[in-house]
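The structure file protein_36.cif is reproduced below (mmCIF, N, CA and C atoms).
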data_coords
#
loop_
_atom_site.label_atom_id
_atom_site.label_comp_id
_atom_site.auth_asym_id
_atom_site.auth_seq_id
_atom_site.Cartn_x
_atom_site.Cartn_y
_atom_site.Cartn_z
N MET A 47 -0.45 -5.76 -26.15
CA MET A 47 0.39 -5.13 -25.15
C MET A 47 -0.40 -4.81 -23.88
N LYS A 48 -1.63 -4.32 -24.06
CA LYS A 48 -2.44 -4.00 -22.89
C LYS A 48 -2.78 -5.24 -22.08
N ARG A 49 -2.96 -6.36 -22.79
CA ARG A 49 -3.27 -7.61 -22.09
C ARG A 49 -2.09 -8.08 -21.24
N LYS A 50 -0.89 -7.89 -21.76
CA LYS A 50 0.30 -8.29 -21.00
C LYS A 50 0.45 -7.45 -19.74
N VAL A 51 0.22 -6.17 -19.86
CA VAL A 51 0.33 -5.28 -18.70
C VAL A 51 -0.75 -5.62 -17.68
N LEU A 52 -1.96 -5.87 -18.14
CA LEU A 52 -3.06 -6.24 -17.25
C LEU A 52 -2.76 -7.56 -16.55
N PHE A 53 -2.24 -8.52 -17.30
CA PHE A 53 -1.88 -9.82 -16.72
C PHE A 53 -0.81 -9.66 -15.64
N LEU A 54 0.21 -8.90 -15.93
CA LEU A 54 1.27 -8.68 -14.94
C LEU A 54 0.76 -7.96 -13.70
N LEU A 55 -0.12 -7.01 -13.90
CA LEU A 55 -0.71 -6.29 -12.76
C LEU A 55 -1.52 -7.23 -11.88
N LEU A 56 -2.33 -8.08 -12.49
CA LEU A 56 -3.12 -9.04 -11.72
C LEU A 56 -2.24 -10.07 -11.03
N LEU A 57 -1.20 -10.51 -11.71
CA LEU A 57 -0.28 -11.48 -11.12
C LEU A 57 0.44 -10.89 -9.90
N LEU A 58 0.92 -9.68 -10.02
CA LEU A 58 1.63 -9.05 -8.90
C LEU A 58 0.68 -8.79 -7.73
N THR A 59 -0.55 -8.45 -8.02
CA THR A 59 -1.54 -8.24 -6.97
C THR A 59 -1.81 -9.55 -6.22
N ALA A 60 -1.92 -10.65 -6.96
CA ALA A 60 -2.17 -11.95 -6.33
C ALA A 60 -0.99 -12.38 -5.48
N VAL A 61 0.22 -12.17 -5.96
CA VAL A 61 1.41 -12.55 -5.19
C VAL A 61 1.51 -11.72 -3.92
N ARG A 62 1.22 -10.46 -4.01
CA ARG A 62 1.27 -9.59 -2.83
C ARG A 62 0.20 -9.98 -1.81
N ALA A 63 -0.97 -10.35 -2.28
CA ALA A 63 -2.04 -10.75 -1.36
C ALA A 63 -1.68 -12.04 -0.64
N GLN A 64 -1.02 -12.97 -1.31
CA GLN A 64 -0.64 -14.22 -0.67
C GLN A 64 0.47 -14.02 0.35
N SER A 65 1.34 -13.08 0.13
CA SER A 65 2.43 -12.86 1.07
C SER A 65 1.94 -12.20 2.36
N GLN A 66 0.80 -11.57 2.34
CA GLN A 66 0.25 -10.93 3.53
C GLN A 66 -0.56 -11.91 4.38
N TYR A 67 -0.80 -13.11 3.90
CA TYR A 67 -1.59 -14.12 4.62
C TYR A 67 -0.77 -14.69 5.76
N SER A 68 -1.32 -14.72 6.93
CA SER A 68 -0.60 -15.29 8.07
C SER A 68 -1.17 -16.67 8.39
N ILE A 69 -0.33 -17.54 8.87
CA ILE A 69 -0.71 -18.91 9.16
C ILE A 69 -1.31 -18.98 10.56
N ASP A 70 -2.46 -19.65 10.66
CA ASP A 70 -3.12 -19.83 11.94
C ASP A 70 -2.48 -21.01 12.65
N THR A 71 -1.82 -20.76 13.77
CA THR A 71 -1.13 -21.82 14.50
C THR A 71 -1.90 -22.26 15.74
N SER A 72 -3.13 -21.85 15.89
CA SER A 72 -3.88 -22.21 17.09
C SER A 72 -4.44 -23.63 17.02
N TYR A 73 -4.44 -24.26 15.86
CA TYR A 73 -4.99 -25.60 15.72
C TYR A 73 -3.94 -26.60 15.25
N THR A 74 -2.77 -26.52 15.78
CA THR A 74 -1.74 -27.50 15.45
C THR A 74 -1.85 -28.68 16.41
N VAL A 75 -1.25 -29.78 16.05
CA VAL A 75 -1.28 -30.97 16.90
C VAL A 75 -0.64 -30.66 18.25
N LYS A 76 0.48 -29.95 18.22
CA LYS A 76 1.20 -29.65 19.46
C LYS A 76 0.39 -28.74 20.39
N SER A 77 -0.22 -27.70 19.85
CA SER A 77 -0.98 -26.79 20.70
C SER A 77 -2.23 -27.46 21.26
N THR A 78 -2.88 -28.29 20.45
CA THR A 78 -4.06 -29.01 20.94
C THR A 78 -3.67 -30.02 22.01
N TYR A 79 -2.57 -30.72 21.80
CA TYR A 79 -2.09 -31.67 22.78
C TYR A 79 -1.76 -30.97 24.10
N ASN A 80 -1.05 -29.86 24.03
CA ASN A 80 -0.70 -29.13 25.26
C ASN A 80 -1.93 -28.63 26.00
N LYS A 81 -2.98 -28.29 25.26
CA LYS A 81 -4.21 -27.83 25.90
C LYS A 81 -4.97 -28.99 26.55
N LEU A 82 -5.01 -30.14 25.90
CA LEU A 82 -5.83 -31.25 26.38
C LEU A 82 -5.12 -32.17 27.37
N ILE A 83 -3.80 -32.13 27.44
CA ILE A 83 -3.07 -33.03 28.32
C ILE A 83 -3.40 -32.79 29.79
N LYS A 84 -3.79 -31.58 30.12
CA LYS A 84 -4.14 -31.26 31.51
C LYS A 84 -5.44 -31.96 31.92
N LYS A 85 -6.38 -32.02 31.00
CA LYS A 85 -7.68 -32.63 31.30
C LYS A 85 -7.66 -34.14 31.08
N TYR A 86 -6.87 -34.60 30.10
CA TYR A 86 -6.79 -36.02 29.76
C TYR A 86 -5.33 -36.46 29.78
N PRO A 87 -4.78 -36.77 30.95
CA PRO A 87 -3.35 -37.08 31.05
C PRO A 87 -2.94 -38.40 30.37
N PHE A 88 -3.89 -39.20 29.96
CA PHE A 88 -3.58 -40.49 29.34
C PHE A 88 -3.45 -40.41 27.81
N ILE A 89 -3.69 -39.25 27.23
CA ILE A 89 -3.66 -39.15 25.76
C ILE A 89 -2.23 -39.11 25.25
N THR A 90 -2.05 -39.57 24.05
CA THR A 90 -0.75 -39.50 23.37
C THR A 90 -0.97 -39.07 21.93
N ILE A 91 0.05 -38.56 21.32
CA ILE A 91 -0.03 -38.17 19.91
C ILE A 91 0.19 -39.42 19.07
N VAL A 92 -0.66 -39.61 18.09
CA VAL A 92 -0.60 -40.79 17.24
C VAL A 92 0.61 -40.70 16.32
N LYS A 93 1.32 -41.80 16.22
CA LYS A 93 2.47 -41.86 15.32
C LYS A 93 2.03 -42.40 13.97
N GLU A 94 2.73 -41.99 12.93
CA GLU A 94 2.41 -42.44 11.58
C GLU A 94 2.74 -43.93 11.43
N LYS A 95 1.81 -44.65 10.81
CA LYS A 95 2.02 -46.08 10.59
C LYS A 95 2.51 -46.29 9.17
N ARG A 96 3.68 -46.87 9.04
CA ARG A 96 4.27 -47.13 7.72
C ARG A 96 3.83 -48.53 7.27
N ILE A 97 3.50 -48.62 6.03
CA ILE A 97 3.07 -49.93 5.49
C ILE A 97 4.24 -50.66 4.89
#
Could you take the file, read its structure, and then write that structure out as structure tokens?
Amino acid sequence: MKRKVLFLLLLLTAVRAQSQYSIDTSYTVKSTYNKLIKKYPFITIVKEKRI
């Protein structure tokens, strides 16, 4: 019984810690493109190549 309670406590702690994590959006393709297009106007975003 104590193991089950300990397991549930650890599981809930892990879930709560993951929900507080924020996503870093400073290194997305769009933000990098918008930053570099001013200095390099000839660049384009690469499109996915389907085989």
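Between CA of Val92 (chain A) and CA of Thr78 (chain A) the interatomic distance comes to 12.8 Å.
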**OP:** Taking the file as shown, find all residues satisfying the PyMOL selection byres (((chain A and resi 90 and name CA) around 12) and name CA) and write them as a list in words.
**Re:**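 So the PyMOL selection byres (((chain A and resi 90 and name CA) around 12) and name CA), applied here, picks out Val75, Lys76, Thr78, Tyr79, Asn80, Leu82, Ile83, Tyr86, Pro87, Phe88, Ile89, Ile91, Val92 and Lys93 of chain A.
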Original post:
Could you work out how far CA of Ser68 (chain A) lies from atom N of Leu55 (chain A), giving the answer in Å with one decimal?
Top reply: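 Going from atom N of Leu55 (chain A) over to CA of Ser68 (chain A) covers 23.5 Å.
What separates atom N of Ser77 (chain A) from atom N of Ile97 (chain A) is a distance of 25.3 Å.
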Subject >> Residue list (helix (DSSP H, G or I), DSSP) for chain A, as a list of chain:residue names >> reply: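 DSSP-assigned helix (DSSP H, G or I) residues in chain A: A:Lys48, A:Arg49, A:Lys50, A:Val51, A:Leu52, A:Phe53, A:Leu54, A:Leu55, A:Leu56, A:Leu57, A:Leu58, A:Thr59, A:Ala60, A:Val61, A:Arg62, A:Ala63, A:Gln64, A:Ser65, A:Val75, A:Lys76, A:Ser77, A:Thr78, A:Tyr79, A:Asn80, A:Lys81, A:Leu82.
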May I ask you to restore N, CA, C and O atoms in region 73-88 of chain A and write the result as a tab-separated table (two decimals), in the coordinates of the input?
chain	number	residue	atom	x	y	z
A	73	TYR	N	-4.44	-24.26	15.86
A	73	TYR	CA	-4.99	-25.60	15.72
A	73	TYR	C	-3.94	-26.60	15.25
A	73	TYR	O	-4.21	-27.46	14.43
A	74	THR	N	-2.77	-26.52	15.78
A	74	THR	CA	-1.74	-27.50	15.45
A	74	THR	C	-1.85	-28.68	16.41
A	74	THR	O	-2.49	-28.59	17.47
A	75	VAL	N	-1.25	-29.78	16.05
A	75	VAL	CA	-1.28	-30.97	16.90
A	75	VAL	C	-0.64	-30.66	18.25
A	75	VAL	O	-1.17	-31.02	19.31
A	76	LYS	N	0.48	-29.95	18.22
A	76	LYS	CA	1.20	-29.65	19.46
A	76	LYS	C	0.39	-28.74	20.39
A	76	LYS	O	0.31	-29.00	21.59
A	77	SER	N	-0.22	-27.70	19.85
A	77	SER	CA	-0.98	-26.79	20.70
A	77	SER	C	-2.23	-27.46	21.26
A	77	SER	O	-2.60	-27.24	22.41
A	78	THR	N	-2.88	-28.29	20.45
A	78	THR	CA	-4.06	-29.01	20.94
A	78	THR	C	-3.67	-30.02	22.01
A	78	THR	O	-4.35	-30.16	23.02
A	79	TYR	N	-2.57	-30.72	21.80
A	79	TYR	CA	-2.09	-31.67	22.78
A	79	TYR	C	-1.76	-30.97	24.10
A	79	TYR	O	-2.17	-31.43	25.17
A	80	ASN	N	-1.05	-29.86	24.03
A	80	ASN	CA	-0.70	-29.13	25.26
A	80	ASN	C	-1.93	-28.63	26.00
A	80	ASN	O	-1.94	-28.56	27.22
A	81	LYS	N	-2.98	-28.29	25.26
A	81	LYS	CA	-4.21	-27.83	25.90
A	81	LYS	C	-4.97	-28.99	26.55
A	81	LYS	O	-5.49	-28.85	27.66
A	82	LEU	N	-5.01	-30.14	25.90
A	82	LEU	CA	-5.83	-31.25	26.38
A	82	LEU	C	-5.12	-32.17	27.37
A	82	LEU	O	-5.78	-32.93	28.08
A	83	ILE	N	-3.80	-32.13	27.44
A	83	ILE	CA	-3.07	-33.03	28.32
A	83	ILE	C	-3.40	-32.79	29.79
A	83	ILE	O	-3.35	-33.70	30.61
A	84	LYS	N	-3.79	-31.58	30.12
A	84	LYS	CA	-4.14	-31.26	31.51
A	84	LYS	C	-5.44	-31.96	31.92
A	84	LYS	O	-5.56	-32.45	33.03
A	85	LYS	N	-6.38	-32.02	31.00
A	85	LYS	CA	-7.68	-32.63	31.30
A	85	LYS	C	-7.66	-34.14	31.08
A	85	LYS	O	-8.36	-34.89	31.76
A	86	TYR	N	-6.87	-34.60	30.10
A	86	TYR	CA	-6.79	-36.02	29.76
A	86	TYR	C	-5.33	-36.46	29.78
A	86	TYR	O	-4.68	-36.55	28.74
A	87	PRO	N	-4.78	-36.77	30.95
A	87	PRO	CA	-3.35	-37.08	31.05
A	87	PRO	C	-2.94	-38.40	30.37
A	87	PRO	O	-1.76	-38.64	30.18
A	88	PHE	N	-3.89	-39.20	29.96
A	88	PHE	CA	-3.58	-40.49	29.34
A	88	PHE	C	-3.45	-40.41	27.81
A	88	PHE	O	-3.10	-41.41	27.17
